[in-house]
file start21.pdb (PDB, C-alpha atoms and all ligand atoms)
ATOM      1  CA  MET A   1      48.191  33.008  24.079  1.00  0.00           C
ATOM      2  CA  ARG A   2      46.841  29.884  25.775  1.00  0.00           C
ATOM      3  CA  TYR A   3      43.244  28.966  26.524  1.00  0.00           C
ATOM      4  CA  LYS A   4      42.117  26.180  28.789  1.00  0.00           C
ATOM      5  CA  VAL A   5      38.736  24.746  27.817  1.00  0.00           C
ATOM      6  CA  ASP A   6      36.723  21.638  28.599  1.00  0.00           C
ATOM      7  CA  PHE A   7      35.368  21.105  25.068  1.00  0.00           C
ATOM      8  CA  LEU A   8      37.119  21.961  21.830  1.00  0.00           C
ATOM      9  CA  VAL A   9      34.563  21.821  19.006  1.00  0.00           C
ATOM     10  CA  VAL A  10      35.956  21.834  15.472  1.00  0.00           C
ATOM     11  CA  GLY A  11      33.516  23.370  12.979  1.00  0.00           C
ATOM     12  CA  SER A  12      30.760  25.977  13.292  1.00  0.00           C
ATOM     13  CA  GLY A  13      28.091  24.278  11.169  1.00  0.00           C
ATOM     14  CA  ILE A  14      24.953  22.681  12.563  1.00  0.00           C
ATOM     15  CA  ALA A  15      26.873  19.656  13.898  1.00  0.00           C
ATOM     16  CA  GLY A  16      29.456  21.680  15.804  1.00  0.00           C
ATOM     17  CA  LEU A  17      27.040  24.309  17.067  1.00  0.00           C
ATOM     18  CA  SER A  18      24.442  21.793  18.241  1.00  0.00           C
ATOM     19  CA  TYR A  19      27.123  19.833  20.066  1.00  0.00           C
ATOM     20  CA  ALA A  20      28.455  23.057  21.597  1.00  0.00           C
ATOM     21  CA  LEU A  21      24.959  23.920  22.847  1.00  0.00           C
ATOM     22  CA  LYS A  22      24.528  20.452  24.359  1.00  0.00           C
ATOM     23  CA  VAL A  23      27.786  20.593  26.334  1.00  0.00           C
ATOM     24  CA  ALA A  24      27.699  24.307  27.198  1.00  0.00           C
ATOM     25  CA  GLY A  25      26.188  23.550  30.589  1.00  0.00           C
ATOM     26  CA  HIS A  26      29.035  21.186  31.467  1.00  0.00           C
ATOM     27  CA  GLY A  27      32.077  23.376  30.996  1.00  0.00           C
ATOM     28  CA  LYS A  28      33.899  25.948  28.952  1.00  0.00           C
ATOM     29  CA  VAL A  29      33.500  25.504  25.185  1.00  0.00           C
ATOM     30  CA  CYS A  30      35.734  26.758  22.399  1.00  0.00           C
ATOM     31  CA  ILE A  31      34.588  26.532  18.773  1.00  0.00           C
ATOM     32  CA  LEU A  32      37.439  26.350  16.283  1.00  0.00           C
ATOM     33  CA  THR A  33      36.527  26.930  12.673  1.00  0.00           C
ATOM     34  CA  LYS A  34      38.036  27.518   9.271  1.00  0.00           C
ATOM     35  CA  ALA A  35      37.789  30.932   7.607  1.00  0.00           C
ATOM     36  CA  ASP A  36      34.485  32.742   8.212  1.00  0.00           C
ATOM     37  CA  ALA A  37      32.413  31.332  11.106  1.00  0.00           C
ATOM     38  CA  SER A  38      29.267  31.221   8.970  1.00  0.00           C
ATOM     39  CA  GLU A  39      30.894  29.494   5.994  1.00  0.00           C
ATOM     40  CA  GLY A  40      30.016  25.821   5.514  1.00  0.00           C
ATOM     41  CA  SER A  41      27.194  23.715   4.146  1.00  0.00           C
ATOM     42  CA  THR A  42      24.744  24.709   6.882  1.00  0.00           C
ATOM     43  CA  LYS A  43      24.088  28.196   5.597  1.00  0.00           C
ATOM     44  CA  TYR A  44      23.202  26.834   2.150  1.00  0.00           C
ATOM     45  CA  ALA A  45      20.656  24.276   3.383  1.00  0.00           C
ATOM     46  CA  GLN A  46      17.338  25.730   2.363  1.00  0.00           C
ATOM     47  CA  GLY A  47      14.737  23.041   2.866  1.00  0.00           C
ATOM     48  CA  GLY A  48      14.749  22.011   6.506  1.00  0.00           C
ATOM     49  CA  ILE A  49      16.211  18.648   7.494  1.00  0.00           C
ATOM     50  CA  ALA A  50      15.956  16.478   4.386  1.00  0.00           C
ATOM     51  CA  ALA A  51      16.411  12.718   4.218  1.00  0.00           C
ATOM     52  CA  VAL A  52      15.488   9.886   1.858  1.00  0.00           C
ATOM     53  CA  MET A  53      12.767   8.044   3.755  1.00  0.00           C
ATOM     54  CA  TYR A  54      10.671   6.123   1.217  1.00  0.00           C
ATOM     55  CA  ASP A  55       9.743   5.766  -2.489  1.00  0.00           C
ATOM     56  CA  PRO A  56       9.364   7.687  -4.757  1.00  0.00           C
ATOM     57  CA  ASP A  57      12.032   9.776  -3.038  1.00  0.00           C
ATOM     58  CA  SER A  58      15.606   8.879  -3.923  1.00  0.00           C
ATOM     59  CA  TYR A  59      19.225   9.779  -3.280  1.00  0.00           C
ATOM     60  CA  GLU A  60      19.469  10.898  -6.915  1.00  0.00           C
ATOM     61  CA  LYS A  61      16.741  13.526  -6.328  1.00  0.00           C
ATOM     62  CA  HIS A  62      18.439  14.819  -3.173  1.00  0.00           C
ATOM     63  CA  ILE A  63      21.781  15.006  -4.957  1.00  0.00           C
ATOM     64  CA  ALA A  64      20.215  16.910  -7.873  1.00  0.00           C
ATOM     65  CA  ASP A  65      18.358  19.277  -5.486  1.00  0.00           C
ATOM     66  CA  THR A  66      21.557  20.012  -3.539  1.00  0.00           C
ATOM     67  CA  LEU A  67      23.559  20.684  -6.712  1.00  0.00           C
ATOM     68  CA  VAL A  68      20.870  23.087  -7.975  1.00  0.00           C
ATOM     69  CA  ALA A  69      20.726  24.871  -4.591  1.00  0.00           C
ATOM     70  CA  GLY A  70      24.536  25.074  -4.607  1.00  0.00           C
ATOM     71  CA  ASP A  71      24.408  26.937  -7.930  1.00  0.00           C
ATOM     72  CA  GLY A  72      27.745  25.646  -9.183  1.00  0.00           C
ATOM     73  CA  ILE A  73      29.812  25.874  -5.986  1.00  0.00           C
ATOM     74  CA  CYS A  74      29.253  22.289  -4.765  1.00  0.00           C
ATOM     75  CA  ASP A  75      31.835  19.580  -5.314  1.00  0.00           C
ATOM     76  CA  GLU A  76      29.574  16.851  -6.735  1.00  0.00           C
ATOM     77  CA  SER A  77      31.715  14.012  -5.371  1.00  0.00           C
ATOM     78  CA  VAL A  78      31.412  15.466  -1.833  1.00  0.00           C
ATOM     79  CA  VAL A  79      27.629  15.881  -2.190  1.00  0.00           C
ATOM     80  CA  ILE A  80      27.328  12.249  -3.306  1.00  0.00           C
ATOM     81  CA  ARG A  81      29.594  11.026  -0.499  1.00  0.00           C
ATOM     82  CA  ASP A  82      27.751  13.009   2.178  1.00  0.00           C
ATOM     83  CA  LEU A  83      24.234  12.132   1.022  1.00  0.00           C
ATOM     84  CA  VAL A  84      24.698   8.506   0.068  1.00  0.00           C
ATOM     85  CA  VAL A  85      27.505   7.214   2.277  1.00  0.00           C
ATOM     86  CA  VAL A  86      27.229   9.419   5.374  1.00  0.00           C
ATOM     87  CA  GLY A  87      23.460   9.854   4.979  1.00  0.00           C
ATOM     88  CA  ARG A  88      22.880   6.095   5.151  1.00  0.00           C
ATOM     89  CA  GLN A  89      24.802   5.936   8.420  1.00  0.00           C
ATOM     90  CA  GLY A  90      23.136   9.046   9.764  1.00  0.00           C
ATOM     91  CA  ARG A  91      20.969   9.605  12.762  1.00  0.00           C
ATOM     92  CA  ILE A  92      18.976  12.660  13.672  1.00  0.00           C
ATOM     93  CA  VAL A  93      19.764  13.779  17.181  1.00  0.00           C
ATOM     94  CA  LEU A  94      17.626  16.692  18.305  1.00  0.00           C
TER
HETATM   95  C1  LIG B   1      23.678  23.788  -1.387  1.00  0.00           C
HETATM   96  C2  LIG B   1      23.290  22.859  -0.273  1.00  0.00           C
HETATM   97  C3  LIG B   1      21.957  22.697   0.051  1.00  0.00           C
HETATM   98  C4  LIG B   1      21.587  21.830   1.067  1.00  0.00           C
HETATM   99  N1  LIG B   1      20.276  21.687   1.391  1.00  0.00           N
HETATM  100  C5  LIG B   1      19.900  20.902   2.419  1.00  0.00           C
HETATM  101  C6  LIG B   1      18.540  20.787   2.821  1.00  0.00           C
HETATM  102  O1  LIG B   1      17.652  21.420   2.278  1.00  0.00           O
HETATM  103  N2  LIG B   1      18.263  19.955   3.846  1.00  0.00           N
HETATM  104  C7  LIG B   1      19.209  19.241   4.507  1.00  0.00           C
HETATM  105  O2  LIG B   1      18.884  18.493   5.419  1.00  0.00           O
HETATM  106  N3  LIG B   1      20.525  19.326   4.168  1.00  0.00           N
HETATM  107  C8  LIG B   1      20.880  20.144   3.139  1.00  0.00           C
HETATM  108  N4  LIG B   1      22.194  20.221   2.797  1.00  0.00           N
HETATM  109  C9  LIG B   1      23.156  19.449   3.558  1.00  0.00           C
HETATM  110  C10 LIG B   1      23.453  20.170   4.879  1.00  0.00           C
HETATM  111  O3  LIG B   1      23.745  21.532   4.609  1.00  0.00           O
HETATM  112  C11 LIG B   1      24.637  19.493   5.562  1.00  0.00           C
HETATM  113  O4  LIG B   1      24.409  18.123   5.710  1.00  0.00           O
HETATM  114  C12 LIG B   1      24.875  20.064   6.953  1.00  0.00           C
HETATM  115  O5  LIG B   1      24.819  21.490   6.937  1.00  0.00           O
HETATM  116  C13 LIG B   1      26.221  19.599   7.438  1.00  0.00           C
HETATM  117  O6  LIG B   1      26.471  20.247   8.671  1.00  0.00           O
HETATM  118  P1  LIG B   1      27.902  20.137   9.297  1.00  0.00           P
HETATM  119  O7  LIG B   1      27.901  20.937  10.561  1.00  0.00           O
HETATM  120  O8  LIG B   1      28.307  18.700   9.368  1.00  0.00           O
HETATM  121  O9  LIG B   1      28.881  20.776   8.184  1.00  0.00           O
HETATM  122  P2  LIG B   1      29.097  22.319   7.769  1.00  0.00           P
HETATM  123  O10 LIG B   1      27.881  23.164   7.951  1.00  0.00           O
HETATM  124  O11 LIG B   1      29.719  22.278   6.404  1.00  0.00           O
HETATM  125  O12 LIG B   1      30.165  22.806   8.803  1.00  0.00           O
HETATM  126  C14 LIG B   1      31.500  22.351   8.774  1.00  0.00           C
HETATM  127  C15 LIG B   1      32.309  23.312   9.625  1.00  0.00           C
HETATM  128  O13 LIG B   1      33.635  22.801   9.759  1.00  0.00           O
HETATM  129  C16 LIG B   1      34.538  23.859   9.491  1.00  0.00           C
HETATM  130  N5  LIG B   1      35.769  23.252   9.011  1.00  0.00           N
HETATM  131  C17 LIG B   1      35.948  22.519   7.896  1.00  0.00           C
HETATM  132  N6  LIG B   1      37.223  22.140   7.789  1.00  0.00           N
HETATM  133  C18 LIG B   1      37.862  22.635   8.895  1.00  0.00           C
HETATM  134  C19 LIG B   1      39.192  22.574   9.348  1.00  0.00           C
HETATM  135  N7  LIG B   1      40.142  21.934   8.675  1.00  0.00           N
HETATM  136  N8  LIG B   1      39.504  23.197  10.504  1.00  0.00           N
HETATM  137  C20 LIG B   1      38.538  23.858  11.211  1.00  0.00           C
HETATM  138  N9  LIG B   1      37.256  23.946  10.829  1.00  0.00           N
HETATM  139  C21 LIG B   1      36.935  23.342   9.672  1.00  0.00           C
HETATM  140  C22 LIG B   1      33.841  24.740   8.474  1.00  0.00           C
HETATM  141  O14 LIG B   1      34.399  26.038   8.471  1.00  0.00           O
HETATM  142  C23 LIG B   1      32.416  24.717   9.024  1.00  0.00           C
HETATM  143  O15 LIG B   1      32.247  25.657  10.059  1.00  0.00           O
HETATM  144  C24 LIG B   1      22.592  21.099   1.778  1.00  0.00           C
HETATM  145  C25 LIG B   1      23.946  21.272   1.461  1.00  0.00           C
HETATM  146  C26 LIG B   1      24.291  22.151   0.457  1.00  0.00           C
HETATM  147  C27 LIG B   1      25.759  22.346   0.143  1.00  0.00           C
END

call {"tool": "encode", "arguments": {"input": "start21.pdb", "output": "structure tokens", "more": "lines below"}}
Ligand SMILES: Cc1cc2nc3c(=O)[nH]c(=O)nc-3n(C[C@H](O)[C@H](O)[C@H](O)COP(=O)(O)OP(=O)(O)OC[C@H]3O[C@@H](n4cnc5c(N)ncnc54)[C@H](O)[C@@H]3O)c2cc1C
result
Amino acid sequence: MRYKVDFLVVGSGIAGLSYALKVAGHGKVCILTKADASEGSTKYAQGGIAAVMYDPDSYEKHIADTLVAGDGICDESVVIRDLVVVGRQGRIVL
């Protein structure tokens, strides 16, 4: 079966879904995702949008908080990469 769409969005977490909402008025959108549509980091985020903004907050505290919230299912190296490397490059687009 073939589908013709204007936007192919990979991932059904907050990034993919917010992008899909933004472009929905400009054409046909298809969201492609792995396994269960609700599976991903987004459903485990419990504290609103969190970011390290100033002292005494720190990346170490956010990493520890995420690992506790993940209750053993987080890959620590991915949490560190996403919070410290990607987080430093991040922008909030609402
Ligand atoms: C336990 C935990 C607690 C957290 N708490 C907070 C918090 O309080 N505040 C905060 O700001 N952030 C928190 N975070 C971080 C936050 O959840 C993530 O930064 C955010 O949800 C990332 O969104 P995303 O859309 O980029 O990724 P995800 O929500 O992970 O979505 C990725 C999507 O891509 C899909 N996908 C992956 N690989 C493929 C593939 N090969 N092909 C197709 N689809 C694929 C997945 O199925 C999923 O739908 C937490 C993270 C965790 C794990």

call {"tool": "resolve_selection", "arguments": {"input": "start21.pdb", "expression": "the PyMOL selection byres (((not hetatm)) within 8 of (chain B and resi 1))", "output": "tab-separated table (two decimals) with C-alpha atoms, in the coordinates of the input"}}
result
chain	number	residue	atom	x	y	z
A	10	VAL	CA	35.96	21.83	15.47
A	11	GLY	CA	33.52	23.37	12.98
A	12	SER	CA	30.76	25.98	13.29
A	13	GLY	CA	28.09	24.28	11.17
A	14	ILE	CA	24.95	22.68	12.56
A	15	ALA	CA	26.87	19.66	13.90
A	16	GLY	CA	29.46	21.68	15.80
A	17	LEU	CA	27.04	24.31	17.07
A	32	LEU	CA	37.44	26.35	16.28
A	33	THR	CA	36.53	26.93	12.67
A	34	LYS	CA	38.04	27.52	9.27
A	35	ALA	CA	37.79	30.93	7.61
A	36	ASP	CA	34.48	32.74	8.21
A	37	ALA	CA	32.41	31.33	11.11
A	38	SER	CA	29.27	31.22	8.97
A	39	GLU	CA	30.89	29.49	5.99
A	40	GLY	CA	30.02	25.82	5.51
A	41	SER	CA	27.19	23.72	4.15
A	42	THR	CA	24.74	24.71	6.88
A	43	LYS	CA	24.09	28.20	5.60
A	44	TYR	CA	23.20	26.83	2.15
A	45	ALA	CA	20.66	24.28	3.38
A	46	GLN	CA	17.34	25.73	2.36
A	47	GLY	CA	14.74	23.04	2.87
A	48	GLY	CA	14.75	22.01	6.51
A	49	ILE	CA	16.21	18.65	7.49
A	50	ALA	CA	15.96	16.48	4.39
A	51	ALA	CA	16.41	12.72	4.22
A	65	ASP	CA	18.36	19.28	-5.49
A	66	THR	CA	21.56	20.01	-3.54
A	67	LEU	CA	23.56	20.68	-6.71
A	68	VAL	CA	20.87	23.09	-7.98
A	69	ALA	CA	20.73	24.87	-4.59
A	70	GLY	CA	24.54	25.07	-4.61
A	71	ASP	CA	24.41	26.94	-7.93
A	73	ILE	CA	29.81	25.87	-5.99
A	74	CYS	CA	29.25	22.29	-4.76
A	79	VAL	CA	27.63	15.88	-2.19
A	82	ASP	CA	27.75	13.01	2.18
A	83	LEU	CA	24.23	12.13	1.02

call {"tool": "closest_residue", "arguments": {"input": "start21.pdb", "among": "A:Val23, A:Ser18, A:Val52, A:Val29", "to": "Tyr3 (chain A)", "atoms": "all atoms listed in the file"}}
result
A:Val29

call {"tool": "atom_distance", "arguments": {"input": "start21.pdb", "atom1": "CA of Glu76 (chain A)", "atom2": "CA of His62 (chain A)"}}
result
11.9 Å

call {"tool": "closest_residue", "arguments": {"input": "start21.pdb", "among": "A:Ile31, A:Ala20, A:Val84, A:Met1", "to": "Ser58 (chain A)", "atoms": "all atoms listed in the file"}}
result
A:Val84

call {"tool": "closest_residue", "arguments": {"input": "start21.pdb", "among": "A:Met53, A:Leu21, A:Cys30, A:Val86", "to": "Phe7 (chain A)", "atoms": "only C-alpha atoms"}}
result
A:Cys30

call {"tool": "closest_residue", "arguments": {"input": "start21.pdb", "among": "A:Lys22, A:Arg81, A:Lys28, A:Lys61", "to": "Lys4 (chain A)", "atoms": "all atoms listed in the file"}}
result
A:Lys28

call {"tool": "axis_aligned_box", "arguments": {"input": "start21.pdb", "around": "region 44-55 of chain A", "padding_each_side": "8 Å", "output": "AutoDock Vina command-line options"}}
result
--center_x 16.5 --center_y 16.3 --center_z 2.5 --size_x 29.5 --size_y 37.1 --size_z 26.0

call {"tool": "atom_distance", "arguments": {"input": "start21.pdb", "atom1": "CA of Tyr19 (chain A)", "atom2": "CA of Ile80 (chain A)"}}
result
24.6 Å

call {"tool": "atom_distance", "arguments": {"input": "start21.pdb", "atom1": "CA of Asp75 (chain A)", "atom2": "CA of Glu60 (chain A)"}}
result
15.2 Å

call {"tool": "decode", "arguments": {"input": "start21.pdb", "residues": "region 3-88 of chain A", "atoms": "C-alpha atoms", "output": "short mmCIF file (atom, residue, chain, number, x, y, z; two decimals), in the first residue's frame"}}
result
data_model
loop_
_atom_site.label_atom_id
_atom_site.label_comp_id
_atom_site.auth_asym_id
_atom_site.auth_seq_id
_atom_site.Cartn_x
_atom_site.Cartn_y
_atom_site.Cartn_z
CA TYR A 3 0.52 6.77 0.85
CA LYS A 4 1.32 10.18 -0.50
CA VAL A 5 1.88 12.77 2.22
CA ASP A 6 3.38 16.24 2.47
CA PHE A 7 5.10 15.71 5.85
CA LEU A 8 6.53 12.48 7.17
CA VAL A 9 7.20 12.89 10.90
CA VAL A 10 9.35 10.21 12.53
CA GLY A 11 8.53 9.77 16.22
CA SER A 12 5.38 10.33 18.28
CA GLY A 13 6.94 12.02 21.31
CA ILE A 14 6.55 15.70 22.13
CA ALA A 15 8.98 16.75 19.37
CA GLY A 16 7.24 14.82 16.61
CA LEU A 17 3.71 15.60 17.75
CA SER A 18 4.35 19.32 18.21
CA TYR A 19 5.92 19.50 14.77
CA ALA A 20 2.98 17.57 13.31
CA LEU A 21 0.55 20.04 14.89
CA LYS A 22 2.50 23.00 13.50
CA VAL A 23 2.47 21.71 9.91
CA ALA A 24 -1.00 20.12 9.98
CA GLY A 25 -2.51 23.22 8.40
CA HIS A 26 -0.10 23.05 5.46
CA GLY A 27 -0.68 19.56 4.14
CA LYS A 28 -1.20 15.91 4.84
CA VAL A 29 0.86 14.58 7.76
CA CYS A 30 1.91 11.01 8.49
CA ILE A 31 3.49 10.13 11.84
CA LEU A 32 5.76 7.10 11.71
CA THR A 33 6.75 5.62 15.03
CA LYS A 34 8.41 2.62 16.58
CA ALA A 35 6.36 0.07 18.53
CA ASP A 36 3.53 1.57 20.61
CA ALA A 37 2.61 5.17 19.66
CA SER A 38 2.73 6.29 23.29
CA GLU A 39 6.10 4.70 24.07
CA GLY A 40 9.04 7.10 24.38
CA SER A 41 10.52 9.50 26.90
CA THR A 42 7.60 11.93 26.73
CA LYS A 43 5.17 9.80 28.69
CA TYR A 44 7.67 9.46 31.54
CA ALA A 45 8.34 13.20 31.92
CA GLN A 46 6.59 14.12 35.13
CA GLY A 47 7.70 17.61 36.05
CA GLY A 48 6.77 19.95 33.23
CA ILE A 49 9.50 21.33 30.97
CA ALA A 50 12.69 21.18 33.02
CA ALA A 51 15.98 22.89 32.20
CA VAL A 52 19.13 23.93 34.05
CA MET A 53 18.84 27.71 34.18
CA TYR A 54 20.96 28.94 37.10
CA ASP A 55 22.75 27.95 40.34
CA PRO A 56 22.17 26.02 42.56
CA ASP A 57 20.49 23.91 39.89
CA SER A 58 22.79 21.58 37.99
CA TYR A 59 22.91 18.96 35.25
CA GLU A 60 23.84 16.40 37.91
CA LYS A 61 20.55 17.05 39.75
CA HIS A 62 18.51 16.74 36.55
CA ILE A 63 20.29 13.52 35.64
CA ALA A 64 19.66 12.08 39.12
CA ASP A 65 15.98 13.18 39.04
CA THR A 66 15.46 11.58 35.61
CA LEU A 67 17.09 8.31 36.68
CA VAL A 68 14.89 8.15 39.80
CA ALA A 69 11.75 8.92 37.75
CA GLY A 70 12.81 6.24 35.25
CA ASP A 71 12.87 3.66 38.05
CA GLY A 72 15.60 1.52 36.51
CA ILE A 73 14.52 1.58 32.85
CA CYS A 74 16.66 4.54 31.74
CA ASP A 75 19.96 4.05 29.95
CA GLU A 76 22.15 6.39 32.03
CA SER A 77 24.48 7.20 29.13
CA VAL A 78 21.48 8.33 27.02
CA VAL A 79 20.11 10.46 29.87
CA ILE A 80 23.51 12.14 30.27
CA ARG A 81 23.86 12.67 26.52
CA ASP A 82 20.36 14.12 26.14
CA LEU A 83 20.51 16.40 29.19
CA VAL A 84 24.07 17.64 28.95
CA VAL A 85 24.95 17.56 25.26
CA VAL A 86 21.56 18.03 23.57
CA GLY A 87 20.19 20.13 26.45
CA ARG A 88 22.98 22.69 26.08
#
